[in-house]
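Report on one structure; see the data block that follows.
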Amino acid sequence: MARLNLFSGRESARIGESDAVAVIGLGRFGESLALELMASGVDVLGVDGEQHVVQSLDGRLTYVVMADATQEDVLRQLSIPEFNRVVVAIGQDIGASILTVSLLLRFGVPQIWAEAVSEAHGTVLRQLGVNHVIFPEKDMGRRVAHLVQGSLLDYIPLGGDFAVIETSPREFLAGLTIYESQVRRRFGVVIVAVRKADGEWQFAEPDLRIEEGDELLVAGPTGKAEAFSRR
């Protein structure tokens, strides 16, 4: 297990220079994020203050370190200022979250994502200067609320009143090309892609014909996209 006192600055600087991501806080959200990044081929430096958490991720992340991320000298020893992308996934200890983010901003880390557990927490993070504030539980709750209505296969909010949805086959469009369907004029949404029977997605070219059983990826104002999916 790579603990702080066994983790050389040279190793940390190397991973920082490789366009890796540092994930500070390895609770449910941080761990899930770090492992997904690893699965995508991205090097990850994981940092957490709990020994059992670090032990459970030993060998699963590029490096995993037990350390107090609220200490400036600790973050410098880990070469955190060399990272271009850092995620602060410290949710429950709001004080530690704010202190860690403040240090990252002082270091001039270009891209900072920070988890917030409440609107007040998120407001403070934004006031500090964090552009990417994440509400994992709130965002997941909103997403699932749309899915449980039964007409959507997937739902991705894009901010404001706009979303991308994956919807089950729309039989009333079967046999029409994308151009002939005129969904933008009729329903105020745009078909982005079509998943065919073989499971492959195809871009929604104007001459692509929609067949019975095709699933659609649709973008548009949330209300209109959902209304389209319920037809």
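In the structure tokens, chains take the letters A, B, ... in the order shown, each chain's residues start at 1, and ligands count up from 1 in the order shown.
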
Using only C-alpha atoms, which protein or nucleic acid residues come within 12 Å of range 197-213 of chain A? Drop anything in the same chain fewer than 4 positions from it, and give the result as a VMD selection string. chain A and resid 166 to 183 190 to 193 217 to 219

Using C-alpha atoms, can you export the residues from the last selection as a tab-separated table (two decimals), in the first residue's frame?
```
chain	number	residue	atom	x	y	z
A	166	GLU	CA	-32.90	7.46	-24.84
A	167	THR	CA	-36.39	6.28	-25.61
A	168	SER	CA	-37.96	2.96	-26.49
A	169	PRO	CA	-39.11	2.29	-30.07
A	170	ARG	CA	-41.56	4.85	-31.47
A	171	GLU	CA	-43.72	2.67	-33.73
A	172	PHE	CA	-45.52	5.67	-35.23
A	173	LEU	CA	-42.23	6.67	-36.91
A	174	ALA	CA	-41.44	3.23	-38.33
A	175	GLY	CA	-40.82	3.30	-42.06
A	176	LEU	CA	-39.95	7.01	-42.18
A	177	THR	CA	-36.54	8.52	-42.78
A	178	ILE	CA	-35.21	11.06	-40.26
A	179	TYR	CA	-36.06	13.82	-42.73
A	180	GLU	CA	-39.57	12.49	-43.36
A	181	SER	CA	-40.30	12.17	-39.64
A	182	GLN	CA	-40.09	15.96	-39.16
A	183	VAL	CA	-39.85	15.49	-35.39
A	190	VAL	CA	-34.16	16.46	-32.55
A	191	ILE	CA	-33.25	12.80	-33.15
A	192	VAL	CA	-29.49	12.59	-32.58
A	193	ALA	CA	-28.88	8.87	-33.16
A	217	LEU	CA	-31.50	9.20	-28.80
A	218	VAL	CA	-33.40	12.48	-28.68
A	219	ALA	CA	-32.33	15.98	-27.57
```

Determine which residues of range 93-222 of chain A receive a DSSP assignment of strand (DSSP E or B), computed from the backbone, and state them as JSON, numbers by chain. {"A": [111, 112, 113, 114, 115, 132, 133, 134, 152, 153, 154, 155, 156, 157, 162, 163, 164, 165, 166, 167, 177, 190, 191, 192, 193, 194, 195, 201, 202, 203, 209, 215, 216, 217, 218, 219, 220, 221]}

Please, which residues in range 55-111 of chain A fall within 7 Å of range 19-36 of chain A when counting only C-alpha atoms, and what is the closest atom pair and distance in Å to one decimal for each, ordered by chain then residue number, as CSV?
```
residue,atom,partner,partner_atom,distance
A:Phe83,CA,A:Val21,CA,6.9
A:Asn84,CA,A:Asp19,CA,6.6
A:Arg85,CA,A:Val21,CA,5.2
A:Val86,CA,A:Ala22,CA,4.7
A:Val87,CA,A:Val23,CA,4.8
A:Val88,CA,A:Ile24,CA,4.9
A:Ala89,CA,A:Gly25,CA,4.8
A:Ile90,CA,A:Gly25,CA,4.9
```

Can you spit out the residues from that selection as an mmCIF file, in the first residue's frame, using N, CA, C and O atoms?
```
data_model
loop_
_atom_site.group_PDB
_atom_site.id
_atom_site.type_symbol
_atom_site.label_atom_id
_atom_site.label_comp_id
_atom_site.auth_asym_id
_atom_site.auth_seq_id
_atom_site.Cartn_x
_atom_site.Cartn_y
_atom_site.Cartn_z
ATOM 1 N N PHE A 83 -1.083 18.729 -11.016
ATOM 2 C CA PHE A 83 -2.213 18.107 -11.709
ATOM 3 C C PHE A 83 -3.063 19.169 -12.400
ATOM 4 O O PHE A 83 -3.311 20.246 -11.850
ATOM 5 N N ASN A 84 -3.535 18.841 -13.588
ATOM 6 C CA ASN A 84 -4.452 19.724 -14.300
ATOM 7 C C ASN A 84 -5.902 19.493 -13.884
ATOM 8 O O ASN A 84 -6.737 20.369 -14.034
ATOM 9 N N ARG A 85 -6.198 18.285 -13.396
ATOM 10 C CA ARG A 85 -7.575 17.924 -13.056
ATOM 11 C C ARG A 85 -7.602 17.271 -11.683
ATOM 12 O O ARG A 85 -6.941 16.260 -11.463
ATOM 13 N N VAL A 86 -8.390 17.864 -10.789
ATOM 14 C CA VAL A 86 -8.524 17.329 -9.436
ATOM 15 C C VAL A 86 -10.006 17.296 -9.074
ATOM 16 O O VAL A 86 -10.737 18.269 -9.302
ATOM 17 N N VAL A 87 -10.426 16.172 -8.513
ATOM 18 C CA VAL A 87 -11.801 16.035 -8.025
ATOM 19 C C VAL A 87 -11.760 15.979 -6.505
ATOM 20 O O VAL A 87 -11.043 15.158 -5.928
ATOM 21 N N VAL A 88 -12.523 16.851 -5.864
ATOM 22 C CA VAL A 88 -12.645 16.832 -4.405
ATOM 23 C C VAL A 88 -13.975 16.170 -4.080
ATOM 24 O O VAL A 88 -15.039 16.763 -4.226
ATOM 25 N N ALA A 89 -13.904 14.907 -3.675
ATOM 26 C CA ALA A 89 -15.109 14.124 -3.382
ATOM 27 C C ALA A 89 -15.272 13.950 -1.888
ATOM 28 O O ALA A 89 -15.586 12.864 -1.401
ATOM 29 N N ILE A 90 -15.030 15.028 -1.154
ATOM 30 C CA ILE A 90 -15.207 15.017 0.300
ATOM 31 C C ILE A 90 -16.599 15.560 0.564
ATOM 32 O O ILE A 90 -16.821 16.774 0.548
#
```

Taking 3 positions as the minimum chain separation for residues in the same chain, which residues sit within 9 Å of Ile94 in chain A when counting only C-alpha atoms? Answer as JSON, numbers by chain. {"A": [90, 91, 97, 98, 99, 116, 117, 121]}

Residue selection dump (N, CA and C atoms) as a PDB file, in the first residue's frame:
```
ATOM      1  N   ILE A  90     -15.030  15.028  -1.154  1.00  0.00           N
ATOM      2  CA  ILE A  90     -15.207  15.017   0.300  1.00  0.00           C
ATOM      3  C   ILE A  90     -16.599  15.560   0.564  1.00  0.00           C
ATOM      4  N   GLY A  91     -17.553  14.691   0.812  1.00  0.00           N
ATOM      5  CA  GLY A  91     -18.919  15.143   0.935  1.00  0.00           C
ATOM      6  C   GLY A  91     -19.354  15.454   2.347  1.00  0.00           C
ATOM      7  N   SER A  97     -13.788  19.816   2.975  1.00  0.00           N
ATOM      8  CA  SER A  97     -14.023  20.048   1.547  1.00  0.00           C
ATOM      9  C   SER A  97     -13.647  21.476   1.159  1.00  0.00           C
ATOM     10  N   ILE A  98     -14.127  22.431   1.919  1.00  0.00           N
ATOM     11  CA  ILE A  98     -13.872  23.845   1.607  1.00  0.00           C
ATOM     12  C   ILE A  98     -12.394  24.175   1.754  1.00  0.00           C
ATOM     13  N   LEU A  99     -11.751  23.658   2.794  1.00  0.00           N
ATOM     14  CA  LEU A  99     -10.336  23.927   3.010  1.00  0.00           C
ATOM     15  C   LEU A  99      -9.498  23.333   1.884  1.00  0.00           C
ATOM     16  N   ALA A 116     -20.758  18.409  -3.660  1.00  0.00           N
ATOM     17  CA  ALA A 116     -21.511  19.170  -2.661  1.00  0.00           C
ATOM     18  C   ALA A 116     -22.641  18.305  -2.134  1.00  0.00           C
ATOM     19  N   VAL A 117     -22.913  18.415  -0.840  1.00  0.00           N
ATOM     20  CA  VAL A 117     -23.974  17.606  -0.236  1.00  0.00           C
ATOM     21  C   VAL A 117     -25.225  18.420   0.054  1.00  0.00           C
ATOM     22  N   HIS A 121     -23.676  24.162   0.702  1.00  0.00           N
ATOM     23  CA  HIS A 121     -22.310  23.715   0.412  1.00  0.00           C
ATOM     24  C   HIS A 121     -21.933  24.090  -1.020  1.00  0.00           C
TER      25      HIS A 121
END
```

Which is closer to Ala69 in chain A than all the others in A:Val54, A:Thr100, A:Gly41, A:Gln92, using only C-alpha atoms?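 Ranking A:Val54, A:Thr100, A:Gly41, A:Gln92 by distance to Ala69 in chain A, first place goes to A:Thr100.
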
May I ask for the distance between CA of Gly122 in chain A and CA of Leu103 in chain A, given in Å to one decimal place?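 These two atoms are separated by 17.0 Å.
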
DSSP on the backbone, helix (DSSP H, G or I) only: what residues of range 53-231 of chain A does that give? Format it as number ranges by chain. A: 53-57, 72-77, 80-82, 94-107, 119-128, 136-147, 171-173, 178-181, 183-187, 222-229

Straight-line distance linking CA of Arg126 in chain A with CA of Pro81 in chain A, stated in Å to one decimal: 20.2 Å
